[in-house]
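To be precise, the following lines are protein.txt, and they hold compact mmCIF, C-alpha atoms.
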# COMPACT_ATOMS: atom_id res chain seq x y z
CA MET I 258 201.28 89.06 79.75
CA ASN I 259 205.02 88.59 79.40
CA HIS I 260 206.60 89.85 82.64
CA GLU I 261 209.80 90.99 80.98
CA ILE I 262 207.84 93.25 78.63
CA LEU I 263 205.96 94.76 81.58
CA LYS I 264 209.22 95.35 83.43
CA LYS I 265 210.73 97.05 80.37
CA VAL I 266 207.65 99.30 80.10
CA ILE I 267 207.97 100.22 83.78
CA TYR I 268 211.75 100.84 83.65
CA ASP I 269 211.46 102.95 80.52
CA GLN I 270 208.78 105.04 82.21
CA HIS I 271 211.01 105.50 85.27
CA GLN I 272 213.64 107.08 83.02
CA VAL I 273 211.08 109.40 81.42
CA ILE I 274 209.97 110.59 84.87
CA LYS I 275 213.57 111.08 86.03
CA ASP I 276 214.29 113.26 83.00
CA SER I 277 211.11 115.34 83.29
CA ILE I 278 211.34 118.99 84.35
CA ILE I 279 207.98 119.87 85.85
CA VAL I 280 206.30 123.24 86.31
CA ASP I 281 204.03 123.20 89.37
CA ARG I 282 200.34 123.43 88.52
CA GLU I 283 197.80 125.30 90.63
CA ILE I 284 196.02 122.00 91.21
CA VAL I 285 195.89 120.54 94.70
CA LEU I 286 196.13 116.76 95.00
CA GLU I 287 195.95 115.30 98.51
CA LYS I 288 198.88 113.08 99.42
CA ASN I 289 196.98 110.00 100.57
CA VAL I 290 194.03 110.10 98.16
CA ASN I 291 193.56 107.86 95.12
CA TYR I 292 192.66 109.95 92.05
CA VAL I 293 191.08 109.44 88.68
CA LEU I 294 192.38 112.37 86.61
CA VAL I 295 190.49 112.98 83.39
CA GLY I 296 190.62 115.59 80.66
CA LEU I 297 191.72 116.47 77.15
CA ARG I 298 194.83 114.73 75.85
CA ARG I 299 198.07 116.60 76.62
CA ALA I 300 196.34 118.83 79.15
CA GLY I 301 198.86 117.84 81.84
CA LYS I 302 197.35 114.79 83.56
CA THR I 303 200.47 112.68 83.06
CA THR I 304 202.74 115.45 84.32
CA LEU I 305 200.73 115.62 87.53
CA LEU I 306 201.39 111.92 88.04
CA TYR I 307 205.10 112.46 87.32
CA LYS I 308 205.11 115.12 90.04
CA ARG I 309 203.47 112.66 92.45
CA VAL I 310 206.20 110.12 91.69
CA GLN I 311 209.05 112.62 91.99
CA ASP I 312 207.73 113.73 95.39
CA LEU I 313 207.63 110.10 96.56
CA ILE I 314 211.22 109.52 95.46
CA LYS I 315 212.32 112.66 97.32
CA SER I 316 210.59 111.30 100.44
CA GLY I 317 212.69 108.11 100.33
CA VAL I 318 210.58 105.73 98.25
CA GLU I 319 212.68 103.55 95.89
CA TRP I 320 212.13 103.45 92.15
CA ASN I 321 211.35 99.72 92.19
CA GLN I 322 208.32 100.52 94.34
CA ILE I 323 206.92 102.71 91.56
CA ILE I 324 204.75 100.79 89.09
CA TYR I 325 203.95 103.26 86.31
CA ILE I 326 202.27 101.95 83.15
CA ASN I 327 201.01 103.94 80.17
CA PHE I 328 198.40 101.91 78.32
CA ASP I 329 199.03 103.93 75.16
CA ASP I 330 202.36 102.09 74.92
CA GLU I 331 202.35 100.04 71.71
CA ARG I 332 204.00 97.15 73.56
CA LEU I 333 200.72 96.71 75.43
CA ILE I 334 198.54 96.55 72.32
CA GLU I 335 197.39 93.02 73.21
CA PHE I 336 196.93 93.73 76.93
CA GLY I 337 193.51 92.64 78.21
CA VAL I 338 191.61 92.64 81.47
CA GLU I 339 192.95 89.15 82.24
CA ASP I 340 196.51 90.57 82.26
CA PHE I 341 196.00 93.00 85.15
CA GLU I 342 197.03 90.37 87.68
CA ASP I 343 200.44 90.20 85.99
CA ILE I 344 201.01 93.82 86.99
CA VAL I 345 200.69 92.88 90.65
CA LEU I 346 202.96 89.84 90.17
CA VAL I 347 205.60 91.96 88.43
CA ALA I 348 205.41 94.53 91.25
CA GLU I 349 206.18 91.75 93.76
CA GLU I 350 209.12 90.65 91.61
CA LEU I 351 210.53 94.18 91.55
CA SER I 352 210.23 94.92 95.27
CA THR I 353 208.87 93.39 98.46
CA ASN I 354 208.28 96.87 99.88
CA GLU I 355 205.08 98.89 99.55
CA HIS I 356 204.01 99.54 95.95
CA TYR I 357 202.61 102.71 94.35
CA PHE I 358 200.60 102.22 91.17
CA TYR I 359 200.13 104.81 88.38
CA PHE I 360 198.12 104.00 85.28
CA ASP I 361 197.92 106.33 82.25
CA GLU I 362 195.00 106.09 79.78
CA ILE I 363 193.62 103.04 81.56
CA GLN I 364 190.26 103.46 79.80
CA ASN I 365 191.88 101.67 76.85
CA ILE I 366 191.31 98.40 78.76
CA ASP I 367 187.68 97.35 79.18
CA GLY I 368 186.92 96.25 82.73
CA TRP I 369 189.67 98.32 84.36
CA GLU I 370 187.31 99.42 87.15
CA LYS I 371 187.32 96.05 88.93
CA PHE I 372 191.11 95.97 89.01
CA ALA I 373 191.27 99.54 90.33
CA ILE I 374 188.77 98.70 93.06
CA ARG I 375 190.69 95.56 94.05
CA LEU I 376 193.96 97.48 94.43
CA ALA I 377 192.27 100.17 96.52
CA ASN I 378 190.57 97.54 98.69
CA GLN I 379 193.96 95.95 99.30
CA GLY I 380 195.30 99.27 100.56
CA TYR I 381 197.50 100.20 97.61
CA LYS I 382 198.07 103.81 96.59
CA VAL I 383 196.73 104.17 93.06
CA ASP I 384 196.37 107.11 90.65
CA ILE I 385 194.74 106.82 87.24
CA THR I 386 194.38 109.06 84.19
CA GLY I 387 191.98 108.87 81.27
CA SER I 388 190.86 110.88 78.26
CA ASN I 389 187.18 110.02 78.28
CA ALA I 390 184.47 111.86 80.20
CA LYS I 391 182.66 108.58 80.88
CA MET I 392 185.29 108.04 83.56
CA LEU I 393 183.58 110.93 85.37
CA SER I 394 180.14 109.40 84.97
CA LYS I 395 177.98 108.53 87.93
CA GLU I 396 178.02 104.92 86.77
CA VAL I 397 181.82 104.69 86.96
CA GLU I 398 181.98 106.60 90.25
CA ALA I 399 179.40 104.20 91.66
CA LYS I 400 181.55 101.26 90.56
CA LEU I 401 184.61 102.78 92.20
CA GLY I 402 182.58 103.02 95.37
CA GLY I 403 184.12 106.16 96.84
CA ARG I 404 187.63 104.70 96.76
CA TYR I 405 188.79 107.30 94.25
CA ILE I 406 188.22 111.02 93.75
CA SER I 407 187.61 112.15 90.17
CA LYS I 408 189.17 115.41 89.01
CA GLU I 409 189.00 117.11 85.61
CA ILE I 410 192.33 118.53 84.40
CA MET I 411 192.36 121.34 81.85
CA PRO I 412 195.27 122.91 79.93
CA TYR I 413 197.12 125.77 81.61
CA SER I 414 195.21 128.69 83.05
CA PHE I 415 196.74 132.03 82.03
CA ASN I 416 198.45 132.37 85.39
CA GLU I 417 199.97 128.89 85.03
CA PHE I 418 201.01 129.84 81.49
CA LEU I 419 202.79 132.93 82.84
CA LYS I 420 204.46 130.87 85.54
CA ALA I 421 205.67 128.32 82.99
CA ASN I 422 207.20 131.26 81.09
CA GLY I 423 209.03 132.53 84.17
CA ILE I 424 206.57 135.17 85.42
CA GLU I 425 204.92 134.54 88.77
CA LYS I 426 204.82 137.86 90.63
CA ASN I 427 201.73 139.69 91.83
CA GLY I 428 203.02 143.00 90.53
CA TYR I 429 204.84 143.60 87.28
CA SER I 430 207.51 146.04 86.20
CA VAL I 431 207.07 147.98 82.95
CA LYS I 432 209.30 145.44 81.20
CA GLU I 433 207.34 142.53 82.64
CA ILE I 434 204.02 144.11 81.65
CA GLY I 435 205.26 144.08 78.07
CA LYS I 436 206.12 140.40 78.38
CA VAL I 437 202.76 139.63 79.99
CA ASN I 438 200.98 141.28 77.07
CA SER I 439 203.10 139.36 74.59
CA LEU I 440 202.35 136.09 76.37
CA LEU I 441 198.65 136.96 76.47
CA ASN I 442 198.63 137.18 72.68
CA GLN I 443 200.32 133.77 72.48
CA TYR I 444 197.88 132.24 74.96
CA PHE I 445 194.95 133.82 73.13
CA ILE I 446 195.94 132.25 69.80
CA ASN I 447 197.72 129.02 70.79
CA GLY I 448 195.99 128.11 74.04
CA GLY I 449 197.50 126.46 77.10
CA PHE I 450 198.80 123.00 76.25
CA PRO I 451 201.81 122.68 78.59
CA GLU I 452 204.15 121.05 76.05
CA SER I 453 203.34 123.67 73.40
CA LEU I 454 205.89 125.92 75.09
CA LEU I 455 208.64 123.60 73.85
CA PHE I 456 207.70 123.96 70.18
CA VAL I 457 208.54 126.73 67.73
CA ASN I 458 205.76 125.66 65.35
CA LYS I 459 203.00 125.63 67.92
CA ARG I 460 200.19 125.36 65.39
CA GLU I 461 201.64 122.13 64.02
CA TYR I 462 201.93 120.69 67.53
CA ILE I 463 198.35 121.66 68.37
CA SER I 464 197.13 120.23 65.08
CA ASN I 465 198.80 116.93 65.97
CA ILE I 466 196.98 116.90 69.31
CA TYR I 467 193.67 117.55 67.57
CA GLN I 468 194.29 114.73 65.09
CA LYS I 469 195.14 112.36 67.95
CA VAL I 470 191.95 113.29 69.83
CA LEU I 471 189.86 113.10 66.66
CA TYR I 472 191.07 109.71 65.52
CA ASN I 473 192.01 107.90 68.74
CA ASP I 474 189.49 109.25 71.21
CA ILE I 475 186.54 109.91 68.91
CA ILE I 476 186.62 108.02 65.60
CA VAL I 477 188.37 104.77 66.62
CA HIS I 478 187.02 104.67 70.17
CA ASN I 479 183.42 105.04 68.98
CA ASN I 480 183.78 103.15 65.68
CA VAL I 481 182.74 106.24 63.68
CA ARG I 482 182.37 105.31 60.02
CA ASN I 483 181.62 108.75 58.62
CA GLU I 484 184.95 110.51 59.21
CA ASN I 485 184.18 113.41 56.88
CA GLY I 486 180.83 113.96 58.56
CA ILE I 487 182.24 114.36 62.06
CA LYS I 488 185.12 116.54 60.80
CA LEU I 489 182.65 118.83 59.07
CA MET I 490 180.43 118.99 62.15
CA ILE I 491 183.33 120.06 64.39
CA LYS I 492 184.34 122.71 61.86
CA LYS I 493 180.81 124.12 61.73
CA ILE I 494 180.58 124.18 65.53
CA ALA I 495 183.81 126.22 65.59
CA GLU I 496 182.50 128.63 62.98
CA SER I 497 179.20 129.02 64.91
CA LEU I 498 180.83 129.28 68.32
CA LYS I 499 178.96 132.32 69.68
CA GLN I 500 175.53 130.92 68.79
CA ASP I 501 173.31 128.51 70.67
CA LEU I 502 172.98 125.41 68.49
CA SER I 503 170.17 122.88 68.65
CA PHE I 504 170.86 119.51 67.03
CA THR I 505 168.31 120.41 64.35
CA LYS I 506 170.00 123.74 63.66
CA LEU I 507 173.40 122.08 63.44
CA GLN I 508 171.99 119.46 61.08
CA ASN I 509 170.49 122.20 58.90
CA ILE I 510 173.84 124.03 58.72
CA ILE I 511 175.54 120.88 57.48
CA THR I 512 172.82 119.75 55.08
CA GLY I 513 172.62 123.33 53.78
CA ILE I 514 176.03 122.91 52.18
CA GLY I 515 174.97 119.68 50.51
CA TYR I 516 176.12 117.07 53.04
CA LYS I 517 173.49 114.61 54.22
CA ILE I 518 173.58 113.63 57.89
CA SER I 519 170.81 112.59 60.27
CA LYS I 520 169.89 114.34 63.50
CA ASP I 521 170.53 111.14 65.47
CA ILE I 522 174.05 110.95 64.08
CA ILE I 523 174.61 114.61 65.02
CA ILE I 524 173.51 113.83 68.58
CA ASP I 525 175.92 110.90 68.78
CA TYR I 526 178.84 112.86 67.33
CA CYS I 527 178.36 115.76 69.74
CA GLY I 528 178.35 113.30 72.62
CA TYR I 529 181.58 111.71 71.39
CA CYS I 530 183.28 115.12 71.20
CA LYS I 531 182.22 115.97 74.73
CA ASP I 532 183.33 112.56 76.01
CA ALA I 533 186.78 113.21 74.52
CA PHE I 534 186.92 116.65 76.23
CA LEU I 535 187.26 118.34 72.85
CA LEU I 536 184.10 120.35 73.52
CA PHE I 537 182.00 121.38 76.47
CA THR I 538 178.54 122.92 76.50
CA LEU I 539 176.59 125.51 78.46
CA GLU I 540 172.83 125.41 78.90
CA ASN I 541 170.29 128.23 78.80
CA TYR I 542 169.35 129.00 82.40
CA TYR I 543 165.94 130.24 81.30
CA SER I 544 165.00 126.96 79.61
CA SER I 545 162.85 124.40 81.35
CA PHE I 546 164.60 121.34 82.75
CA LEU I 547 163.51 119.22 79.78
CA ASP I 548 164.71 121.78 77.25
CA LYS I 549 168.04 122.76 78.82
CA ASN I 550 170.07 120.44 76.61
CA SER I 551 168.19 121.21 73.40
CA ASN I 552 169.93 124.52 72.57
CA PRO I 553 173.40 124.44 74.11
CA LYS I 554 176.30 126.74 73.33
CA TYR I 555 179.47 124.87 72.38
CA TYR I 556 182.99 125.81 73.41
CA PHE I 557 186.39 124.24 72.80
CA MET I 558 188.53 123.01 75.67
CA ASP I 559 191.50 124.99 74.37
CA ASN I 560 191.84 128.13 72.25
CA GLY I 561 194.66 126.58 70.25
CA ILE I 562 192.39 123.88 68.84
CA LEU I 563 189.58 126.34 68.14
CA ASN I 564 192.02 128.57 66.27
CA LEU I 565 192.78 125.74 63.84
CA PHE I 566 189.31 126.27 62.34
CA LEU I 567 189.11 130.08 62.33
CA ASP I 568 190.27 132.76 59.95
CA ASP I 569 190.90 135.88 62.04
CA LYS I 570 187.80 135.51 64.24
CA LYS I 571 189.15 137.29 67.30
CA SER I 572 185.69 137.72 68.80
CA SER I 573 185.15 133.94 68.85
CA LEU I 574 188.57 133.32 70.40
CA LEU I 575 187.79 135.96 73.05
CA GLU I 576 184.46 134.41 73.97
CA ASN I 577 185.99 130.93 74.10
CA ILE I 578 188.84 131.97 76.38
CA VAL I 579 186.39 133.71 78.72
CA ALA I 580 184.25 130.56 78.72
CA LEU I 581 187.29 128.48 79.68
CA LYS I 582 188.13 130.74 82.61
CA LEU I 583 184.56 130.69 83.90
CA TYR I 584 184.17 126.94 83.34
CA ARG I 585 187.35 126.29 85.33
CA ILE I 586 185.95 128.14 88.37
CA HIS I 587 182.15 127.95 88.10
CA LYS I 588 181.52 124.75 86.11
CA ASP I 589 178.42 123.61 88.02
CA ASN I 590 176.84 127.08 88.14
CA LEU I 591 177.68 128.40 84.68
CA TYR I 592 174.99 129.05 82.04
CA TYR I 593 174.01 131.50 79.32
CA LEU I 594 170.76 133.47 79.27
CA LYS I 595 168.45 133.88 76.32
CA GLY I 596 164.83 134.98 76.54
CA ASN I 597 162.67 137.56 78.30
CA LYS I 598 164.25 140.30 76.13
CA THR I 599 167.64 139.32 77.53
CA ASP I 600 170.65 137.84 75.78
CA ILE I 601 173.58 137.26 78.15
CA ASP I 602 176.75 135.42 77.13
CA PHE I 603 177.50 133.96 80.57
CA TYR I 604 175.52 133.74 83.79
CA ILE I 605 176.90 132.52 87.13
CA SER I 606 173.75 131.42 88.94
CA ASN I 607 175.04 131.26 92.52
CA GLU I 608 176.48 134.81 92.27
CA ASN I 609 173.78 136.32 90.04
CA ALA I 610 176.59 137.56 87.82
CA ALA I 611 176.01 138.41 84.16
CA ILE I 612 178.98 138.66 81.80
CA GLN I 613 179.08 139.95 78.26
CA VAL I 614 182.00 139.55 75.87
CA ALA I 615 182.89 142.13 73.20
CA TYR I 616 186.27 142.50 71.53
CA SER I 617 185.81 146.29 71.67
CA LEU I 618 183.12 148.74 72.77
CA SER I 619 184.29 151.46 70.41
CA ASN I 620 181.40 150.73 68.04
CA LYS I 621 178.22 152.40 69.34
CA GLU I 622 175.97 149.58 68.16
CA VAL I 623 178.07 147.03 70.03
CA TYR I 624 178.22 149.25 73.12
CA ASP I 625 174.46 149.76 73.18
CA ARG I 626 173.73 146.07 72.66
CA GLU I 627 176.01 144.78 75.42
CA VAL I 628 175.16 147.50 77.95
CA ASN I 629 171.40 147.35 77.33
CA ASN I 630 171.32 143.58 77.77
CA LEU I 631 173.06 143.86 81.12
CA ILE I 632 170.84 146.71 82.32
CA GLU I 633 167.73 144.79 81.27
CA PHE I 634 168.97 141.76 83.17
CA ALA I 635 169.68 143.82 86.30
CA LYS I 636 166.27 145.51 86.19
CA ASN I 637 164.48 142.16 86.00
CA SER I 638 166.63 140.49 88.64
CA LYS I 639 165.23 140.00 92.13
CA LYS I 640 168.71 139.95 93.64
CA LYS I 641 171.66 142.31 93.51
CA SER I 642 173.45 141.81 90.21
CA ILE I 643 177.14 141.67 89.35
CA LEU I 644 177.70 142.99 85.83
CA TYR I 645 180.79 142.63 83.63
CA ILE I 646 181.83 143.24 80.05
CA ILE I 647 185.08 141.55 79.04
CA THR I 648 186.96 143.20 76.17
CA PHE I 649 190.38 142.54 74.74
CA GLU I 650 192.06 145.62 76.17
CA GLU I 651 189.52 148.28 77.28
CA GLU I 652 188.81 149.12 80.92
CA ARG I 653 186.34 151.47 82.57
CA LEU I 654 183.32 151.66 84.85
CA ILE I 655 179.92 152.27 83.30
CA ASP I 656 177.27 153.68 85.65
CA ILE I 657 173.72 154.00 84.30
CA ASP I 658 170.90 154.82 86.72
CA GLY I 659 172.86 153.28 89.55
CA TYR I 660 173.60 150.06 87.68
CA LYS I 661 177.38 149.63 87.60
CA ILE I 662 179.04 147.63 84.83
CA GLN I 663 182.72 146.81 85.20
CA VAL I 664 184.51 146.71 81.85
CA LEU I 665 187.64 144.59 82.17
CA PRO I 666 190.46 143.87 79.71
CA LEU I 667 191.13 140.20 79.09
CA SER I 668 194.48 140.21 80.89
CA LYS I 669 192.96 141.42 84.17
CA PHE I 670 189.97 139.11 83.85
CA LEU I 671 192.17 136.05 83.33
CA LEU I 672 194.20 136.89 86.41
CA LEU I 673 191.19 137.25 88.71
CA ASN I 674 191.21 134.42 91.27
CA LYS I 675 194.69 133.56 90.05
CA GLY I 676 194.63 130.11 91.59
CA ASN I 677 192.06 129.03 89.01

Would you mind writing the structure in this file as C-alpha cells?
Amino acid sequence: MNHEILKKVIYDQHQVIKDSIIVDREIVLEKNVNYVLVGLRRAGKTTLLYKRVQDLIKSGVEWNQIIYINFDDERLIEFGVEDFEDIVLVAEELSTNEHYFYFDEIQNIDGWEKFAIRLANQGYKVDITGSNAKMLSKEVEAKLGGRYISKEIMPYSFNEFLKANGIEKNGYSVKEIGKVNSLLNQYFINGGFPESLLFVNKREYISNIYQKVLYNDIIVHNNVRNENGIKLMIKKIAESLKQDLSFTKLQNIITGIGYKISKDIIIDYCGYCKDAFLLFTLENYYSSFLDKNSNPKYYFMDNGILNLFLDDKKSSLLENIVALKLYRIHKDNLYYLKGNKTDIDFYISNENAAIQVAYSLSNKEVYDREVNNLIEFAKNSKKKSILYIITFEEERLIDIDGYKIQVLPLSKFLLLNKGN
C-alpha cells in the first residue's frame, strides 16, 4: 500500500477528530482496554473512538502517535490483508514514540483478526469498530483470544438524547417539562441517531442511513441477488412488528401478495438483517430450547428506521421503543411470553417482570386484555411478580386482589435507570 496515501488518510482523519464536538455518552470504556465496538451504522461507535483520541491528546499524547484509519475511505478500496503491515511501517515513519491504533469498519478487510491479535500481542493500544454482528460471534472472540472486549453500541438512549439537546437535570422546571415532552415526540418518531440532531430533514437523513445499511451491510456484503425480495421482507416485518413471526409465517405473508420466495431464503435474509444490526429478535420464554428461535418477535434497532415503513402506527412505534429500552438493559434475560393462556409482550426472566405495552388504556377491551394477561401471569408464577403496563402518557396504580400493576407513561419509563 502506498505510504503517502496512508499518511494522507491518517492526517485527514486527525483534522476530522480535531473539529468534532462530542456529547458524552453514558457508555463506560476502560482506559487501558482494547475494544471491539459493534453496532448499527451511525449509532455512535466512531464518535466514541474520537472521544478516546481527544482524551489522549489532552493527556499529552502527540497527534503523530495517533494512527486512525477508516476502512470505508474510498482511497483504501484496494486495501487487502497483505497491506496491514504497511500501517505499522507508516506509524514508525510518523513517530518513534508509542502508537495508538484506531480502526473503523475493519470488517471490510478479510483476515483482520490476525493483524488485531498481533498488535495486541506486541503491546499496542488498539480499538476497533465494525457494523457486523459476526464480530461479536464466539468464533471471532475465540480468535481474538481475550485480548479485546466486545461491546455493542446502540443509538442514543432517551436520556442521552435529552443531554445532547441540553437537558441533563434530575428534576425539571415547568418550562423544561414542556421541552422534555417535545423531545420525547421527536425521539419517538425519529429515533436516536446522534447526527440526526444536526439535520432539519431528519427523515431524509434516516432514510440515507437505512439505504447505506441495506445496500452496503446487507445486499453487497452478502451478495444478495434478490434486492426486491429482501426490501419487501423488511417492510413486512415492520408492518407485522407486534406479532411473533415464524419463517413459514413470514414466507406466507410475502407469497400471499404474489411474490415467490423460499423459506431458506427468508432464513438467510433475516440473518443478514440481524448481522447488520438492523433488526434484533426476542424469543418465547415458554418455548422449548429447540423451538425458541422458530417464532421470534422482530424489532428495529432504531425507531427512526421503523417509522420509514409505517403510516401512523403509533402502537408499533411504542412497542419498539420499549423493546429498545429493555434490550439495552436486559439483553440476555429478555423474552416474550406466549402460551398457557398468557400473552405477555416482554418478560425479564431474572426479575420475573412482565411488561405490557398499550398506547392507551382508555378502551375497555384494551384495558381488560392487558390487565387480565398480567394477572393471569402473576397467578401462575411461583415467584413474586413485577407487573407493568407502558402507555404513551397515562399513569396510575392498578390493584386487583392484591396484584399491583404499575402503569407508567413512556417518558418516565424511558428515564428509569437513566444510565442505560

Can you check which parts of segment 489-529 of chain I lie within 12 Å of segment 550-567 of chain I? Per residue, the shortest pair of atoms and distance in Å to one decimal, counting only C-alpha atoms, sorted by chain and number, as JSON lines.
{"residue": "I:Leu489", "atom": "CA", "partner": "I:Phe566", "partner_atom": "CA", "distance": 10.5}
{"residue": "I:Met490", "atom": "CA", "partner": "I:Phe566", "partner_atom": "CA", "distance": 11.5}
{"residue": "I:Ile491", "atom": "CA", "partner": "I:Phe566", "partner_atom": "CA", "distance": 8.9}
{"residue": "I:Lys492", "atom": "CA", "partner": "I:Phe566", "partner_atom": "CA", "distance": 6.1}
{"residue": "I:Lys493", "atom": "CA", "partner": "I:Phe566", "partner_atom": "CA", "distance": 8.8}
{"residue": "I:Ile494", "atom": "CA", "partner": "I:Tyr555", "partner_atom": "CA", "distance": 7.0}
{"residue": "I:Ala495", "atom": "CA", "partner": "I:Leu563", "partner_atom": "CA", "distance": 6.3}
{"residue": "I:Glu496", "atom": "CA", "partner": "I:Leu567", "partner_atom": "CA", "distance": 6.8}
{"residue": "I:Ser497", "atom": "CA", "partner": "I:Tyr555", "partner_atom": "CA", "distance": 8.5}
{"residue": "I:Leu498", "atom": "CA", "partner": "I:Tyr555", "partner_atom": "CA", "distance": 6.1}
{"residue": "I:Lys499", "atom": "CA", "partner": "I:Lys554", "partner_atom": "CA", "distance": 7.2}
{"residue": "I:Gln500", "atom": "CA", "partner": "I:Lys554", "partner_atom": "CA", "distance": 6.2}
{"residue": "I:Asp501", "atom": "CA", "partner": "I:Lys554", "partner_atom": "CA", "distance": 4.4}
{"residue": "I:Leu502", "atom": "CA", "partner": "I:Asn552", "partner_atom": "CA", "distance": 5.2}
{"residue": "I:Ser503", "atom": "CA", "partner": "I:Asn552", "partner_atom": "CA", "distance": 4.3}
{"residue": "I:Phe504", "atom": "CA", "partner": "I:Ser551", "partner_atom": "CA", "distance": 7.1}
{"residue": "I:Thr505", "atom": "CA", "partner": "I:Ser551", "partner_atom": "CA", "distance": 9.1}
{"residue": "I:Lys506", "atom": "CA", "partner": "I:Asn552", "partner_atom": "CA", "distance": 8.9}
{"residue": "I:Leu507", "atom": "CA", "partner": "I:Asn552", "partner_atom": "CA", "distance": 10.1}
{"residue": "I:Ile524", "atom": "CA", "partner": "I:Ser551", "partner_atom": "CA", "distance": 10.3}
{"residue": "I:Cys527", "atom": "CA", "partner": "I:Tyr555", "partner_atom": "CA", "distance": 9.5}
{"residue": "I:Gly528", "atom": "CA", "partner": "I:Tyr555", "partner_atom": "CA", "distance": 11.6}

Nearby residues, (190.2, 118.8, 84.9) file frame, 9 Å, only C-alpha atoms, as an MDAnalysis selection string: chainID I and resid 294:297 300 302 407:412 585

Between atom CA of Ile657 of chain I and atom CA of Tyr645 of chain I, distance in Å (one decimal): 13.4 Å

Two-atom distance - atom CA of Ile284 of chain I, atom CA of Ile466 of chain I (Å):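 The value is 22.5 Å.
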
Length of the atom CA of Glu433 of chain I to atom CA of Lys420 of chain I vector [Å]: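 Interatomic distance here is 12.4 Å.
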
For Ile326 of chain I, the nearest of the candidates I:Ile446, I:Val266, I:Leu441, I:Ile522, counting only C-alpha atoms: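 Looking only at the distances to Ile326 of chain I, the closest residue turns out to be I:Val266.
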
Could you tell me, as a PDB file with C-alpha atoms, in the frame of the given file, which residues have any atom at most 9 Å from (184.3, 148.3, 83.6), counting all atoms listed in the file?
ATOM      1  CA  LEU I 644     177.700 142.990  85.830  1.00  0.00           C
ATOM      2  CA  TYR I 645     180.790 142.630  83.630  1.00  0.00           C
ATOM      3  CA  ILE I 646     181.830 143.240  80.050  1.00  0.00           C
ATOM      4  CA  ILE I 647     185.080 141.550  79.040  1.00  0.00           C
ATOM      5  CA  GLU I 651     189.520 148.280  77.280  1.00  0.00           C
ATOM      6  CA  GLU I 652     188.810 149.120  80.920  1.00  0.00           C
ATOM      7  CA  ARG I 653     186.340 151.470  82.570  1.00  0.00           C
ATOM      8  CA  LEU I 654     183.320 151.660  84.850  1.00  0.00           C
ATOM      9  CA  ILE I 655     179.920 152.270  83.300  1.00  0.00           C
ATOM     10  CA  LYS I 661     177.380 149.630  87.600  1.00  0.00           C
ATOM     11  CA  ILE I 662     179.040 147.630  84.830  1.00  0.00           C
ATOM     12  CA  GLN I 663     182.720 146.810  85.200  1.00  0.00           C
ATOM     13  CA  VAL I 664     184.510 146.710  81.850  1.00  0.00           C
ATOM     14  CA  LEU I 665     187.640 144.590  82.170  1.00  0.00           C
ATOM     15  CA  PRO I 666     190.460 143.870  79.710  1.00  0.00           C
TER      16      PRO I 666
END

Nearby residues (all atoms listed in the file) at most 10 Å from Leu263 of chain I, same-chain spacing under 2 positions excluded, as JSON, numbers by chain: {"I": [258, 259, 260, 261, 265, 266, 267, 268, 269, 324, 325, 326, 332, 333, 343, 344, 347, 348]}

Closest pair table for segment 462-565 of chain I residues within 7 Å of segment 386-405 of chain I, all atoms listed in the file, as a tab-separated table:
residue	atom	partner	partner_atom	distance
I:Asp532	CA	I:Ala390	CA	4.4
I:Ala533	CA	I:Asn389	CA	4.9
I:Phe534	CA	I:Ala390	CA	6.7
